[in-house]
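Asker: Quick one: the structure is below, questions incoming.
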Amino acid sequence: MPIYVNNIVNEIERLPDYEIYGQVAAVVGLLVEVSGVEGVFSIGDHCDIVARAKRRIACEVVGFREDRALLMPFGPLEGVSLGCRVEVGVAEPVLYPHPDWLGRVINAFGEPIDGKGPLPSGNLAYRMQNNPPPAHLRKRVGGKIDLGVRAMNVFLTCCRGQRMGIFAGSGVGKSTLLSMMARNTNAQVNVIGLIGERGREAREFIEDDLGEEGMARSVVVVATSNEPPLVRRQAAYTTLAMAEYFRDLNNDVLCLMDSVTRFAMAQREISLSVGEPPASKGYTPSVFAELPRLLERAGPGQEGQGSITGLFTVLVEGDDHNEPVADAVRGILDGHVVLDRAIAERGRFPAINILKSVSRTMPDCNTAEQNALVSRAKKLISTYDDMAELIRLGAYRRGTDPEVDEAIFYNGPIEAFLSQNKGDFTDLDSCYAMLAQALNMGGNASAAPAQAPQAQINPAKPLGVAQPGLAPGLRPGAPN
């Protein structure tokens with residue numbers, strides 16, 4: 001069960017009968033040093049700085065230095081001067097979610113930002129920085145979840161309660177892939193966190209990519225790249241707190257976060273500001289401590305609860321998939337989806353590299369026939385990939401290797417199967433049927449497919465181009 005306060009009345013009863021305050025002693029960059037509060041503050045507490053013209057600036061305690069507390073603001077520090085009053089708040093930062101929050105857009109503090117009026121408050125308070133459920137009390141991952149994307153459904157099958165990472169450089173299609181899954185999934189609730197993204201993309205994602213149908217069963221948490229690092233980090237915590245709330249209502253929740261890298265960058269900014277030494281490419285040790293605390297909150301719930309299926313994007317810097325954040329996240333999650341810039345540049349979207357991606361719940365969740373179908377397709381893709389350069393240059397001659405001849409023949413149908421427009425939807429069962437048809441395996445996925453005849457192969461054709469007059473799905477040797 002989550003750690004929560006019983007109700008709002010208990011929150012009010014926790015307020016002190018007297019007021020405690022300190023004063024600003026120094027400001028260095030985004031770091032505010034406060035004196036006069038010894039023994040009062042603890043890490044993670046919230047407080048307010050009363051600046052010029054009585055403007056209140058919310059802050060969080062991020063560390064201590066000698067007898068001073070170190071604060072970071074949730075907003076700009078304009079108007080703060082030495083001696084400004086710092087009022088101490090004792091209530092732990094929490095959310096009061098409600099089912100009517102579905103269809104709404106909120107900020108990192110659970111406040112509405114969609115112009116649709118105030119949000120109703122629930123009775124239970126959920127901690128923003130909650131702990132994951134105990135490992136020994138969690139259920140195992142459930143059955144398959146339909147994501148509506150052919151490449152994901154077949155080659156990277158995701159189960160309820162699984163956590164997957166989507167790894168890619170900038171501009172390769174991470175956000176578009178997330179929007180396809182959010183719109184087409186059969187999960188009951190979507191919780192979407194846009195962490196540190198471009199401001200213009202938020203409305204485009206909600207209106208164009210998600211659409212009215214997807215938005216009706218979604219809660220979107222937005223913190224743009226121009227907001228302070230505390231706000232960006234808080235938005236990630238809020239996203240998981242919302243997912244935990246709907247999970248506790250016995251829903252299967254699809255939690256989408258774009259991106260974990262922006263969360264790590266925000267934590268790095270906070271840690272460096274308080275003097276923590278960098279460990280790897282500027283990232284501090286606390287970054288790698290916070291990542292599992294955040295990501296482990298997704299997953300199967302306890303008995304009587306639903307599940308949180310987590311899909312987290314990772315922005316790999318310089319297309320280096322071994323950079324520190326990508327390497328750490330890959331070791332925490334239950335699988336990874338690699339989006340390849342080379343595939344995107346040749347016009348196939350989603351640009352998923354099947355051979356470099358893996359789902360750790362496969363093949364246990366598939367039938368023997370489905371596993372045979374997927375293995376057959378992967379073997380053909382791998383064989384073609386190994387010989388791609390020779391095929392492209394025209395150096396390979398047909399008849400040299402029957403397996404390569406077959407891979408060349410089936411390359412066009414497989415590429416057509418993997419390619420999918422943003423508005424297309426293919427359900428889970430249809431995905432396997434389409435792939436079986438493309439590979440001429442009919443209804444029996446365990447049957448051995450016919451080998452491509454030599455006469456049908458043109459080794460001079462460019463990479464990924466189907467043979468003229470041969471429609472995808474035709475049996476080799478069939479008349480054109």
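By order in the structure tokens, chains are A, B, ...; within a chain, residues start at 1; ligands start at 1, following the order shown.
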Mind checking which residues fall within 12 Å of Ser382 in chain A, counting only C-alpha atoms, ignoring those fewer than 5 positions away in the same chain, and posting them as a ChimeraX atom specification?
Answerer: /A:353-356,375-377,387-388,403-404,406-408,410-411,414
Asker: So that I can check the secondary structure, give me every residue of range 55-235 of chain A assigned helix (DSSP H, G or I) by backbone DSSP, as a ChimeraX atom specification.
Answerer: /A:99-101,135-137,150-155,174-184,199-215,229-235
